[in-house]
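Note: the block below is input-v6.txt and it holds compact mmCIF, C-alpha atoms and all ligand atoms.
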```
# COMPACT_ATOMS: atom_id res chain seq x y z
CA MET A 332 0.00 0.00 0.00
CA VAL A 333 1.37 3.37 -0.98
CA ASP A 334 1.39 5.78 1.97
CA ASN A 335 -0.97 8.52 0.89
CA HIS A 336 -0.42 10.79 3.87
CA ALA A 337 3.27 11.42 3.52
CA VAL A 338 3.44 13.11 0.13
CA ARG A 339 1.52 15.26 -2.33
CA LEU A 340 -0.31 13.65 -5.26
CA ASP A 341 2.39 14.78 -7.74
CA THR A 342 4.90 12.71 -5.80
CA LEU A 343 2.53 9.86 -5.01
CA VAL A 344 2.16 8.93 -8.70
CA THR A 345 5.93 8.57 -9.07
CA ARG A 346 6.37 6.15 -6.14
CA THR A 347 7.74 2.80 -7.24
CA ASP A 348 8.14 1.06 -3.92
CA ARG A 349 6.71 -2.33 -3.10
CA ALA A 350 5.64 -3.34 -6.57
CA PRO A 351 4.58 -6.94 -5.88
CA GLY A 352 6.87 -9.43 -7.54
CA SER A 353 9.49 -6.83 -8.44
CA LEU A 354 13.08 -7.58 -7.61
CA SER A 355 15.01 -4.38 -8.09
CA ASP A 356 13.02 -3.09 -11.06
CA VAL A 357 12.32 0.63 -10.96
CA ALA A 358 9.57 0.31 -13.58
CA PRO A 359 7.21 -2.39 -12.28
CA ALA A 360 7.21 -5.84 -13.90
CA LEU A 361 4.28 -6.81 -16.11
CA HIS A 362 2.68 -10.05 -14.93
CA GLN A 363 1.03 -11.02 -18.23
CA THR A 364 -0.22 -14.39 -17.06
CA ALA A 365 -3.65 -15.92 -16.64
CA THR A 366 -2.65 -18.36 -13.93
CA PHE A 367 -0.02 -18.92 -11.21
CA ARG A 368 1.87 -22.01 -10.11
CA ALA A 369 1.62 -23.33 -6.55
CA ALA A 370 4.71 -24.91 -4.98
CA ASP A 371 2.82 -27.41 -2.82
CA ASP A 372 -0.59 -28.54 -1.54
CA ALA A 373 -0.73 -26.12 1.34
CA THR A 374 0.14 -23.12 -0.85
CA PHE A 375 -2.41 -24.18 -3.47
CA LEU A 376 -5.14 -24.51 -0.85
CA LYS A 377 -4.31 -21.07 0.54
CA MET A 378 -4.36 -19.52 -2.96
CA ALA A 379 -7.68 -21.15 -3.81
CA THR A 380 -9.41 -20.08 -0.62
CA THR A 381 -8.11 -16.53 -0.16
CA ALA A 382 -10.44 -13.78 -1.43
CA ARG A 383 -8.74 -11.42 -3.92
CA HIS A 384 -5.57 -13.51 -3.94
CA ALA A 385 -3.14 -11.57 -6.16
CA SER A 386 -1.39 -14.61 -7.69
CA TYR A 387 -3.80 -17.54 -8.07
CA TYR A 388 -5.87 -16.89 -11.22
CA THR A 389 -6.00 -13.48 -12.93
CA ARG A 390 -9.80 -13.13 -12.74
CA ASP A 391 -9.39 -13.24 -8.92
CA GLY A 392 -6.36 -10.95 -8.88
CA ASN A 393 -2.97 -10.25 -10.44
CA PRO A 394 0.16 -8.53 -9.06
CA THR A 395 0.24 -5.91 -11.87
CA ILE A 396 -3.44 -5.17 -11.30
CA SER A 397 -3.07 -4.95 -7.49
CA HIS A 398 -0.18 -2.54 -7.89
CA VAL A 399 -2.32 -0.16 -9.98
CA GLU A 400 -5.23 -0.65 -7.58
CA SER A 401 -3.12 0.43 -4.60
CA LEU A 402 -2.00 3.60 -6.40
CA ILE A 403 -5.55 4.59 -7.44
CA ALA A 404 -6.79 3.90 -3.89
CA ALA A 405 -4.03 6.17 -2.54
CA LEU A 406 -4.89 8.92 -5.04
CA GLU A 407 -8.52 8.91 -3.89
CA GLY A 408 -7.58 8.62 -0.21
CA ALA A 409 -9.27 5.21 0.00
CA GLU A 410 -8.55 1.87 1.65
CA SER A 411 -9.18 -0.21 -1.43
CA CYS A 412 -9.67 -0.23 -5.20
CA LEU A 413 -10.85 -2.78 -7.74
CA LEU A 414 -9.76 -2.45 -11.36
CA ALA A 415 -12.25 -3.36 -14.12
CA ALA A 416 -12.11 -3.87 -17.87
CA SER A 417 -13.75 -0.50 -18.62
CA GLY A 418 -15.54 2.36 -16.92
CA MET A 419 -18.87 0.68 -17.65
CA GLY A 420 -17.45 -2.59 -16.32
CA ALA A 421 -16.68 -0.74 -13.08
CA MET A 422 -20.06 1.03 -12.91
CA SER A 423 -22.13 -2.09 -13.68
CA THR A 424 -20.14 -4.25 -11.30
CA ALA A 425 -20.27 -1.71 -8.48
CA VAL A 426 -24.04 -1.29 -8.76
CA LEU A 427 -24.80 -5.00 -9.28
CA GLY A 428 -22.52 -5.83 -6.37
CA LEU A 429 -24.44 -3.56 -4.01
CA VAL A 430 -28.14 -3.81 -4.90
CA ARG A 431 -30.59 -6.68 -4.85
CA GLN A 432 -34.11 -7.34 -6.17
CA GLY A 433 -36.65 -5.01 -4.56
CA ASP A 434 -34.10 -2.28 -3.82
CA HIS A 435 -34.62 1.31 -4.92
CA MET A 436 -31.98 3.70 -6.22
CA VAL A 437 -31.83 7.46 -6.74
CA ALA A 438 -29.80 8.83 -9.65
CA GLN A 439 -29.27 12.25 -11.16
CA ARG A 440 -30.82 13.11 -14.53
CA THR A 441 -27.59 13.74 -16.43
CA HIS A 442 -25.35 10.71 -16.46
CA TYR A 443 -22.89 9.23 -18.91
CA MET A 444 -24.97 7.53 -21.62
CA GLY A 445 -23.91 4.00 -20.61
CA THR A 446 -24.84 4.67 -16.98
CA THR A 447 -28.20 6.06 -18.07
CA GLN A 448 -28.84 2.84 -20.00
CA LEU A 449 -27.76 0.69 -17.04
CA LEU A 450 -30.21 2.55 -14.79
CA ALA A 451 -33.10 2.76 -17.26
CA GLU A 452 -32.87 -0.56 -19.08
CA VAL A 453 -30.77 -3.16 -17.24
CA LEU A 454 -31.56 -2.70 -13.54
CA PRO A 455 -35.38 -2.66 -13.91
CA ARG A 456 -35.14 -6.13 -15.54
CA PHE A 457 -33.77 -7.39 -12.22
CA GLY A 458 -36.40 -5.73 -10.06
CA VAL A 459 -34.35 -2.69 -9.05
CA GLU A 460 -36.31 0.54 -9.29
CA VAL A 461 -34.50 3.80 -10.11
CA SER A 462 -35.82 7.33 -9.48
CA VAL A 463 -34.16 10.01 -11.58
CA VAL A 464 -33.96 13.56 -10.21
CA ASP A 465 -32.54 16.87 -11.39
CA GLN A 466 -29.08 17.16 -9.82
CA LEU A 467 -29.49 20.91 -9.47
CA ASP A 468 -32.48 20.43 -7.15
CA SER A 469 -30.97 19.15 -3.91
CA GLY A 470 -34.39 18.96 -2.22
CA ALA A 471 -35.68 16.62 -4.96
CA MET A 472 -32.89 14.15 -4.31
CA GLU A 473 -33.82 13.85 -0.65
CA GLU A 474 -37.54 13.60 -1.44
CA ALA A 475 -36.82 10.71 -3.81
CA VAL A 476 -35.30 8.59 -1.02
CA THR A 477 -37.67 5.86 0.21
CA PRO A 478 -37.28 3.19 2.93
CA LYS A 479 -36.20 0.82 0.12
CA THR A 480 -33.46 3.10 -1.19
CA ARG A 481 -30.08 1.37 -1.11
CA LEU A 482 -27.90 3.57 -3.31
CA VAL A 483 -27.64 7.14 -4.62
CA VAL A 484 -25.61 7.51 -7.84
CA VAL A 485 -24.20 10.86 -8.99
CA GLU A 486 -21.62 12.17 -11.43
CA THR A 487 -19.91 15.56 -11.26
CA PRO A 488 -19.04 17.49 -13.35
CA ALA A 489 -21.53 15.90 -15.75
CA ASN A 490 -21.26 15.65 -19.48
CA PRO A 491 -21.72 17.60 -21.77
CA LEU A 492 -23.00 20.75 -19.99
CA LEU A 493 -20.54 20.51 -17.05
CA THR A 494 -23.25 20.80 -14.42
CA LEU A 495 -22.13 20.01 -10.89
CA THR A 496 -23.70 17.97 -8.11
CA ASP A 497 -23.08 19.09 -4.54
CA LEU A 498 -21.15 16.09 -3.17
CA ALA A 499 -21.06 17.17 0.48
CA HIS A 500 -24.84 17.54 0.36
CA VAL A 501 -25.29 14.09 -1.25
CA ALA A 502 -22.96 12.52 1.34
CA GLN A 503 -24.92 14.06 4.23
CA LEU A 504 -28.20 12.92 2.73
CA GLY A 505 -26.81 9.39 2.41
CA ARG A 506 -25.71 9.33 6.03
CA ARG A 507 -28.99 10.77 7.31
CA HIS A 508 -30.96 8.03 5.58
CA GLY A 509 -28.46 5.18 5.93
CA VAL A 510 -28.09 4.98 2.14
CA LEU A 511 -24.85 4.33 0.23
CA THR A 512 -23.60 7.05 -2.13
CA LEU A 513 -21.59 6.51 -5.31
CA CYS A 514 -19.90 9.18 -7.44
CA ASP A 515 -18.51 8.81 -10.97
CA ASN A 516 -15.32 10.89 -10.69
CA THR A 517 -14.13 10.35 -14.27
CA ILE A 518 -14.34 13.99 -15.35
CA GLY A 519 -13.22 15.39 -12.00
CA THR A 520 -10.15 13.17 -11.49
CA PRO A 521 -8.62 12.72 -8.00
CA ILE A 522 -6.25 15.59 -8.80
CA ASN A 523 -9.14 18.07 -8.90
CA GLN A 524 -11.66 16.59 -6.47
CA GLN A 525 -11.81 13.72 -4.00
CA PRO A 526 -15.42 12.67 -3.36
CA LEU A 527 -14.50 10.17 -0.61
CA ARG A 528 -12.99 12.99 1.47
CA LEU A 529 -16.37 14.75 1.20
CA GLY A 530 -18.12 11.68 2.65
CA ILE A 531 -19.15 9.82 -0.53
CA ASP A 532 -18.90 6.01 -0.02
CA ILE A 533 -17.79 4.76 -3.45
CA VAL A 534 -15.98 6.37 -6.38
CA VAL A 535 -16.10 4.93 -9.89
CA HIS A 536 -13.76 5.90 -12.76
CA SER A 537 -13.49 5.32 -16.43
CA ALA A 538 -9.70 4.97 -16.36
CA THR A 539 -9.90 5.06 -20.16
CA LYS A 540 -10.01 8.86 -19.84
CA PHE A 541 -7.74 11.02 -17.67
CA LEU A 542 -6.24 8.23 -15.52
CA GLY A 543 -4.86 6.40 -18.57
CA GLY A 544 -4.38 9.65 -20.43
CA HIS A 545 -3.08 8.28 -23.73
CA HIS A 546 -6.17 7.09 -25.66
CA ASP A 547 -4.62 3.61 -25.74
CA LEU A 548 -6.34 1.51 -23.08
CA MET A 549 -9.71 0.72 -21.59
CA ALA A 550 -10.09 0.24 -17.85
CA GLY A 551 -12.31 1.23 -14.96
CA ALA A 552 -11.91 1.51 -11.20
CA ILE A 553 -14.10 1.12 -8.11
CA VAL A 554 -12.74 2.81 -4.97
CA GLY A 555 -13.91 2.80 -1.36
CA THR A 556 -13.56 1.13 2.02
CA ARG A 557 -12.07 -2.36 2.11
CA ALA A 558 -15.42 -3.80 3.28
CA LEU A 559 -17.42 -2.30 0.40
CA VAL A 560 -14.82 -3.07 -2.26
CA ASP A 561 -14.48 -6.66 -1.00
CA GLN A 562 -18.25 -7.03 -1.18
CA ILE A 563 -18.24 -5.75 -4.80
CA TRP A 564 -15.30 -8.08 -5.60
CA ARG A 565 -17.50 -11.09 -4.85
CA SER A 566 -19.71 -10.06 -7.81
CA HIS A 567 -16.72 -8.86 -9.87
CA VAL A 568 -15.06 -12.28 -9.88
CA VAL A 569 -18.32 -13.82 -11.15
CA LEU A 570 -19.38 -11.10 -13.64
CA GLY A 571 -15.82 -11.22 -14.97
CA ALA A 572 -15.30 -7.66 -16.28
CA VAL A 573 -11.71 -7.80 -15.05
CA ALA A 574 -8.86 -5.67 -16.39
CA ASP A 575 -6.21 -7.31 -18.53
CA PRO A 576 -2.72 -7.11 -16.94
CA PHE A 577 -1.27 -5.26 -19.95
CA ALA A 578 -4.01 -2.61 -19.76
CA GLY A 579 -3.21 -2.35 -16.03
CA TRP A 580 0.48 -1.93 -16.79
CA LEU A 581 -0.25 0.79 -19.39
CA LEU A 582 -2.53 2.45 -16.87
CA MET A 583 0.26 2.52 -14.27
CA ARG A 584 2.50 4.13 -16.86
CA GLY A 585 -0.19 6.72 -17.63
CA LEU A 586 -0.75 7.47 -13.94
CA ARG A 587 2.91 8.54 -13.55
CA THR A 588 2.05 11.80 -15.31
CA LEU A 589 -1.54 12.20 -14.10
CA ALA A 590 -0.90 15.20 -11.87
CA LEU A 591 1.25 16.92 -14.49
CA ARG A 592 -1.23 16.29 -17.30
CA VAL A 593 -4.31 17.32 -15.34
CA GLN A 594 -2.66 20.52 -14.09
CA ARG A 595 -1.81 21.45 -17.69
CA GLN A 596 -5.31 20.54 -18.88
CA ASN A 597 -6.83 22.65 -16.07
CA GLN A 598 -4.76 25.66 -17.15
CA THR A 599 -5.47 25.24 -20.86
CA GLY A 600 -9.17 24.54 -20.17
CA LEU A 601 -9.55 27.77 -18.24
CA ARG A 602 -7.67 29.75 -20.91
CA ILE A 603 -9.82 28.36 -23.74
CA ALA A 604 -13.06 28.85 -21.79
CA THR A 605 -12.14 32.44 -20.92
CA HIS A 606 -11.18 33.18 -24.53
CA LEU A 607 -14.36 31.68 -26.01
CA ALA A 608 -16.61 33.43 -23.47
CA THR A 609 -16.11 36.77 -25.28
CA HIS A 610 -16.01 35.43 -28.86
CA PRO A 611 -18.80 36.96 -31.01
CA LYS A 612 -19.74 33.62 -32.60
CA VAL A 613 -20.09 31.83 -29.24
CA ALA A 614 -23.43 32.10 -27.42
CA CYS A 615 -22.24 30.54 -24.15
CA VAL A 616 -19.42 28.50 -22.61
CA ASN A 617 -19.96 25.74 -20.04
CA TYR A 618 -16.93 25.44 -17.77
CA PRO A 619 -17.02 25.33 -13.94
CA GLY A 620 -13.92 27.53 -13.72
CA LEU A 621 -15.67 30.54 -15.26
CA THR A 622 -17.22 32.97 -12.78
CA SER A 623 -20.23 32.99 -15.15
CA HIS A 624 -20.87 29.27 -14.46
CA PRO A 625 -24.04 29.14 -12.30
CA GLN A 626 -22.29 26.81 -9.84
CA HIS A 627 -18.88 28.48 -9.78
CA ALA A 628 -18.97 28.90 -5.99
CA LEU A 629 -19.64 25.17 -5.54
CA ALA A 630 -16.90 24.38 -8.07
CA THR A 631 -14.40 26.42 -6.06
CA ARG A 632 -15.30 24.52 -2.87
CA GLN A 633 -15.60 21.07 -4.35
CA MET A 634 -12.79 21.10 -6.95
CA PRO A 635 -9.80 22.53 -5.07
CA GLY A 636 -7.30 21.10 -7.58
CA GLY A 637 -8.78 22.78 -10.65
CA PHE A 638 -11.73 22.75 -13.01
CA GLY A 639 -10.69 20.10 -15.47
CA GLY A 640 -9.96 19.49 -19.11
CA LEU A 641 -13.49 19.22 -20.49
CA LEU A 642 -15.69 22.09 -21.62
CA SER A 643 -18.51 22.76 -24.04
CA PHE A 644 -19.68 25.85 -25.90
CA GLU A 645 -22.65 26.77 -27.99
CA LEU A 646 -22.20 28.35 -31.42
CA ARG A 647 -24.67 31.09 -32.36
CA GLY A 648 -24.96 29.60 -35.85
CA GLY A 649 -26.75 26.44 -34.62
CA PHE A 650 -26.41 22.93 -36.03
CA LYS A 651 -24.87 24.08 -39.34
CA ALA A 652 -22.17 26.08 -37.54
CA GLY A 653 -21.46 23.11 -35.26
CA ASN A 654 -21.03 20.85 -38.25
CA GLU A 655 -18.79 23.42 -39.98
CA PHE A 656 -16.72 23.69 -36.82
CA VAL A 657 -15.93 19.98 -36.48
CA ASN A 658 -15.12 19.81 -40.19
CA ALA A 659 -12.82 22.84 -40.20
CA MET A 660 -10.80 22.27 -37.03
CA HIS A 661 -7.19 21.15 -37.51
CA LEU A 662 -5.76 20.26 -34.11
CA PRO A 663 -8.57 18.46 -32.28
CA ALA A 664 -9.54 15.07 -33.64
CA ARG A 665 -13.22 14.42 -34.26
CA ALA A 666 -13.59 11.56 -31.79
CA VAL A 667 -15.50 10.62 -28.66
CA SER A 668 -13.74 10.27 -25.28
CA PHE A 669 -11.55 12.80 -23.45
CA GLY A 670 -8.68 13.05 -21.00
CA GLY A 671 -5.87 12.06 -23.36
CA PHE A 672 -2.85 13.77 -24.89
CA GLU A 673 -4.68 14.93 -28.01
CA SER A 674 -7.56 17.39 -27.97
CA LEU A 675 -10.85 15.96 -29.22
CA ALA A 676 -14.04 17.71 -30.24
CA THR A 677 -17.53 16.50 -31.11
CA GLN A 678 -20.94 17.97 -31.81
CA PRO A 679 -23.16 16.25 -29.21
CA ALA A 680 -26.39 17.04 -31.09
CA ALA A 681 -25.12 15.01 -34.06
CA MET A 682 -24.15 12.08 -31.78
CA TRP A 683 -27.21 12.18 -29.56
CA ALA A 684 -29.76 12.66 -32.32
CA GLY A 685 -28.58 9.34 -33.71
CA SER A 686 -28.92 7.48 -30.42
CA ILE A 687 -31.74 9.13 -28.44
CA GLY A 688 -33.48 11.30 -31.08
CA ASN A 689 -33.56 15.05 -31.72
CA SER A 690 -36.29 15.95 -29.25
CA ALA A 691 -34.72 13.95 -26.40
CA ALA A 692 -31.39 15.67 -27.11
CA GLU A 693 -33.06 19.11 -26.96
CA ALA A 694 -34.89 18.15 -23.77
CA ALA A 695 -31.54 17.16 -22.22
CA GLY A 696 -30.32 20.67 -22.98
CA ILE A 697 -28.15 19.67 -25.95
CA ALA A 698 -28.35 22.72 -28.21
CA PRO A 699 -27.86 22.01 -31.94
CA GLY A 700 -24.75 24.22 -32.06
CA LEU A 701 -23.09 22.75 -28.96
CA ILE A 702 -19.46 21.65 -29.27
CA ARG A 703 -17.82 19.45 -26.64
CA PHE A 704 -14.13 20.16 -26.38
CA ALA A 705 -11.76 17.76 -24.62
CA VAL A 706 -8.53 19.59 -23.88
CA GLY A 707 -5.31 17.75 -24.70
CA LEU A 708 -1.68 18.53 -24.04
CA GLU A 709 -0.97 20.72 -27.09
CA HIS A 710 0.53 24.16 -26.47
CA PRO A 711 -2.38 26.39 -25.41
CA ASP A 712 -1.39 29.10 -27.94
CA ASP A 713 -1.65 26.58 -30.78
CA LEU A 714 -5.09 25.47 -29.58
CA LEU A 715 -6.31 29.07 -29.29
CA GLU A 716 -5.00 29.91 -32.77
CA ASP A 717 -6.70 26.84 -34.20
CA LEU A 718 -9.97 27.70 -32.43
CA ASP A 719 -9.91 31.25 -33.79
CA ARG A 720 -9.08 30.08 -37.29
CA THR A 721 -11.90 27.51 -37.14
CA LEU A 722 -14.43 29.98 -35.71
CA ALA A 723 -13.57 32.43 -38.50
CA VAL A 724 -15.02 30.05 -41.08
CA VAL A 725 -18.23 28.98 -39.30
CA GLU A 726 -21.61 30.51 -39.95
CA ARG A 727 -22.41 33.44 -37.67
CA LYS A 728 -26.22 33.08 -37.86
C1 LIG A 801 -16.36 7.14 -20.58
C2 LIG A 801 -17.15 7.25 -19.34
C3 LIG A 801 -17.68 6.12 -18.71
C4 LIG A 801 -17.54 4.74 -19.30
O1 LIG A 801 -16.21 4.35 -19.40
P1 LIG A 801 -15.65 3.29 -20.47
O2 LIG A 801 -14.24 3.16 -20.08
O3 LIG A 801 -15.87 3.89 -21.82
O4 LIG A 801 -16.46 2.05 -20.29
C5 LIG A 801 -18.35 6.29 -17.52
N1 LIG A 801 -18.53 7.50 -16.98
C6 LIG A 801 -18.05 8.61 -17.57
C7 LIG A 801 -18.26 9.93 -16.92
C8 LIG A 801 -17.35 8.53 -18.77
O5 LIG A 801 -16.89 9.63 -19.35
```
Written as structure tokens, how would this file's structure read?
Ligand SMILES: *Cc1c(COP(=O)(O)O)cnc(C)c1O
Amino acid sequence: MVDNHAVRLDTLVTRTDRAPGSLSDVAPALHQTATFRAADDATFLKMATTARHASYYTRDGNPTISHVESLIAALEGAESCLLAASGMGAMSTAVLGLVRQGDHMVAQRTHYMGTTQLLAEVLPRFGVEVSVVDQLDSGAMEEAVTPKTRLVVVETPANPLLTLTDLAHVAQLGRRHGVLTLCDNTIGTPINQQPLRLGIDIVVHSATKFLGGHHDLMAGAIVGTRALVDQIWRSHVVLGAVADPFAGWLLMRGLRTLALRVQRQNQTGLRIATHLATHPKVACVNYPGLTSHPQHALATRQMPGGFGGLLSFELRGGFKAGNEFVNAMHLPARAVSFGGFESLATQPAAMWAGSIGNSAAEAAGIAPGLIRFAVGLEHPDDLLEDLDRTLAVVERK
């Protein structure tokens, strides 16, 4: 276990001590194996009967995976972490590991699309009822809690409008009613905000995004107390959405620069948001770091590390301007996802219309001219020049 009290997060990610199985390696060894040999009967019996044994069979555990898990746990200030094959693997496993038939859940309205589908389509098939409330209405969340409520699920900042959920409030509500609380911290990252320190019980990540940081792996993480994570592990080992050791090894490599990357993305994100906020072709910018963001005060309290590398903005020229923008930009790639080295941009209305329909997209607040911009590691001056050049060619209205 990495000691998370002794050093700052920038230093924590560089610690190489106690990599299981390492001899004198500075970079940790990759244990790319599905199974592990036992020397004798007694050892085999111990391996087979120990929960989360790190060197018995890789679906149960793996030294490379446990090493990454201990670093992510330390970054979130948690006792334990469970790595999964993807962010959705982590979210599905965490929820399925905690709820049972007849339970009720409360969730916020704006979630990652996959989470929305889990809550709306998968859980009801197993007799788990989900109430969806507006995350901006903190009274509504409390009113939705019933004696059957087991879990409250939130995500902050949420995609693509960067609305926040008040985590301290959710944590207090959970404690008052004896209900578990879970926060998707993918967009926040532990560098910017640490939900567990605000009293949230479980954090889930898509490590595919900022934690990995290089657009080259898929992984997810579940973080919390040892008791809760061990309980979820008992479903994890059966559901089988486990991370591959090589993805875990790449993730460890990505985590080495997490603090550095996120700090840079915070700075560039704020610069781009500030610049776009006064651009004549931009109707509005959604970024928690702007004083114009309706929840800027909450952002300042809840995100002490910074406001992140994801923003969105609405073009005055509507859908046509949005389409012209994504076709004219040079530096950002037109691709989903975020949190990596290269900036990415998409037009959510074009994506969402295809999956949930135009009217549902509008109802979710997705304006036709909205652009989601995932800040990468390019020089901020180059990104600003490219944005200006691109905006110069889009329709004004
Ligand atoms: C991407 C994402 C997920 C899902 O993660 P995958 O790694 O793609 O499965 C979950 N939550 C949020 C907020 C995400 O951005």
If you take only C-alpha atoms and all ligand atoms and a cut-off of 8 Å, which residues of chain A touch ligand LIG 801 (chain A), and what are their nearest atom pairs and distances in Å to one decimal, in chain and number order, as a Markdown table?
```
| residue | atom | partner | partner_atom | distance |
| --- | --- | --- | --- | --- |
| A:Ala416 | CA | A:LIG801 | O2 | 7.7 |
| A:Ser417 | CA | A:LIG801 | O2 | 4.0 |
| A:Gly418 | CA | A:LIG801 | O1 | 3.2 |
| A:Met419 | CA | A:LIG801 | O4 | 3.8 |
| A:Gly420 | CA | A:LIG801 | O4 | 6.2 |
| A:Ala421 | CA | A:LIG801 | O4 | 7.7 |
| A:Met422 | CA | A:LIG801 | C5 | 7.2 |
| A:His442 | CA | A:LIG801 | C7 | 7.1 |
| A:Tyr443 | CA | A:LIG801 | C6 | 5.1 |
| A:Met444 | CA | A:LIG801 | C5 | 7.9 |
| A:Gly445 | CA | A:LIG801 | C4 | 6.5 |
| A:Thr446 | CA | A:LIG801 | C5 | 6.7 |
| A:Glu486 | CA | A:LIG801 | C7 | 6.8 |
| A:Ala489 | CA | A:LIG801 | C7 | 6.9 |
| A:Asn490 | CA | A:LIG801 | C7 | 6.9 |
| A:Asp515 | CA | A:LIG801 | C7 | 6.1 |
| A:Asn516 | CA | A:LIG801 | C7 | 7.0 |
| A:Thr517 | CA | A:LIG801 | C7 | 4.9 |
| A:Ile518 | CA | A:LIG801 | C7 | 5.9 |
| A:Val535 | CA | A:LIG801 | N1 | 7.9 |
| A:His536 | CA | A:LIG801 | N1 | 6.6 |
| A:Ser537 | CA | A:LIG801 | O1 | 4.1 |
| A:Ala538 | CA | A:LIG801 | O2 | 6.1 |
| A:Thr539 | CA | A:LIG801 | O2 | 4.7 |
| A:Lys540 | CA | A:LIG801 | C1 | 6.6 |
| A:Met549 | CA | A:LIG801 | O2 | 5.4 |
| A:Ala550 | CA | A:LIG801 | O2 | 5.5 |
| A:Gly551 | CA | A:LIG801 | O2 | 5.8 |
| A:Ser668 | CA | A:LIG801 | C1 | 6.2 |
| A:Phe669 | CA | A:LIG801 | O5 | 7.4 |
```
Computed interatomic separation between atom CA of A:Ala590 and atom CA of A:His362 (Å): 25.7 Å
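Each of A:Ala475, A:Leu429, A:Ala698, A:Leu511 was compared to A:Ser566 using all atoms listed in the file, and A:Leu429 turns out to be the nearest.
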Which residues are close to A:Arg703, i.e. within 6 Å by only C-alpha atoms, leaving aside same-chain residues fewer than 4 positions away? Reply as a ChimeraX atom specification. /A:643,676-677
If you keep C-alpha atoms, can you produce a file of those selected residues as a PDB file, in the frame of the given file?
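Final output, saved to selection_25.pdb:
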```
ATOM      1  CA  SER A 643     -18.510  22.760 -24.040  1.00  0.00           C
ATOM      2  CA  ALA A 676     -14.040  17.710 -30.240  1.00  0.00           C
ATOM      3  CA  THR A 677     -17.530  16.500 -31.110  1.00  0.00           C
TER       4      THR A 677
END
```
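Summary of the local environment: counting all atoms listed in the file, residues at most 10 Å from A:Leu406, other than itself and those fewer than 2 positions away along its chain, are Val333, Asp334, Asn335, Arg339, Leu340, Asp341, Leu343, Val344, Glu400, Ser401, Leu402, Ile403, Ala404, Gly408, Ala409, Thr520, Pro521, Ile522, Gln525, Val554 and Leu586 of chain A.
Counting all atoms listed in the file, the residue from A:Ser355, A:Asn658, A:Thr374, A:Ser674 that sits nearest to A:Leu722 is A:Asn658.
Residue nearest A:Pro663, chosen from A:Pro488, A:Gly707, A:Pro478, A:Gly544 and counting only C-alpha atoms: A:Gly707.
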Just the residues within 12 Å of A:Arg565, please, counting all atoms listed in the file, with nothing from its chain fewer than 6 positions along; format it as a PyMOL selection string. chain A and resi 381-383+390-392+413+424-425+427-429+558-559+571
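We find atom CA of A:Ala604 and atom CA of A:Leu646 to be spaced 13.3 Å apart.
Using all atoms listed in the file, the smallest distance between any of A:Arg584, A:His384, A:Arg720, A:Arg528 and A:Ala360 comes from A:Arg584.
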Once 3 Å is added on each side, what centre and edge lengths in Å to one decimal does the axis-aligned box around all listed atoms of stretch 608-624 of chain A have, as lines of an AutoDock Vina configuration file?
```
center_x = -18.7
center_y = 31.1
center_z = -22.7
size_x = 15.5
size_y = 17.6
size_z = 25.8
```
Find the nearest atom pair between each residue of stretch 506-614 of chain A and stretch 637-642 of chain A for residues within 9 Å, count only C-alpha atoms, give distances in Å to one decimal, sort rows by chain and ascending number, and present the table as JSON lines.
```
{"residue": "A:Ile518", "atom": "CA", "partner": "A:Gly639", "partner_atom": "CA", "distance": 7.1}
{"residue": "A:Gly519", "atom": "CA", "partner": "A:Gly639", "partner_atom": "CA", "distance": 6.4}
{"residue": "A:Thr520", "atom": "CA", "partner": "A:Gly639", "partner_atom": "CA", "distance": 8.0}
{"residue": "A:Ile522", "atom": "CA", "partner": "A:Gly637", "partner_atom": "CA", "distance": 7.8}
{"residue": "A:Asn523", "atom": "CA", "partner": "A:Gly637", "partner_atom": "CA", "distance": 5.0}
{"residue": "A:Gln524", "atom": "CA", "partner": "A:Gly637", "partner_atom": "CA", "distance": 8.0}
{"residue": "A:Phe541", "atom": "CA", "partner": "A:Gly640", "partner_atom": "CA", "distance": 8.9}
{"residue": "A:Val593", "atom": "CA", "partner": "A:Gly639", "partner_atom": "CA", "distance": 7.0}
{"residue": "A:Gln594", "atom": "CA", "partner": "A:Gly637", "partner_atom": "CA", "distance": 7.4}
{"residue": "A:Arg595", "atom": "CA", "partner": "A:Gly640", "partner_atom": "CA", "distance": 8.5}
{"residue": "A:Gln596", "atom": "CA", "partner": "A:Gly640", "partner_atom": "CA", "distance": 4.8}
{"residue": "A:Asn597", "atom": "CA", "partner": "A:Gly639", "partner_atom": "CA", "distance": 4.7}
{"residue": "A:Gln598", "atom": "CA", "partner": "A:Gly637", "partner_atom": "CA", "distance": 8.2}
{"residue": "A:Thr599", "atom": "CA", "partner": "A:Gly640", "partner_atom": "CA", "distance": 7.5}
{"residue": "A:Gly600", "atom": "CA", "partner": "A:Gly640", "partner_atom": "CA", "distance": 5.2}
{"residue": "A:Leu601", "atom": "CA", "partner": "A:Phe638", "partner_atom": "CA", "distance": 7.6}
{"residue": "A:Ile603", "atom": "CA", "partner": "A:Leu642", "partner_atom": "CA", "distance": 8.8}
{"residue": "A:Ala604", "atom": "CA", "partner": "A:Leu642", "partner_atom": "CA", "distance": 7.3}
```
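In this comparison, which uses all atoms listed in the file, the residue of A:Ser469, A:Asn654, A:Thr477, A:Thr609 approaching A:Ala681 most closely is A:Asn654.
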One decimal, in Å: what's the spacing between atom CA of A:Phe650 and atom CA of A:Pro611? 16.7 Å
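Each of A:Met660, A:Leu715, A:Leu529, A:Ala572 was checked against A:His606 using all atoms listed in the file; the smallest atom-to-atom distance is that of A:Leu715.
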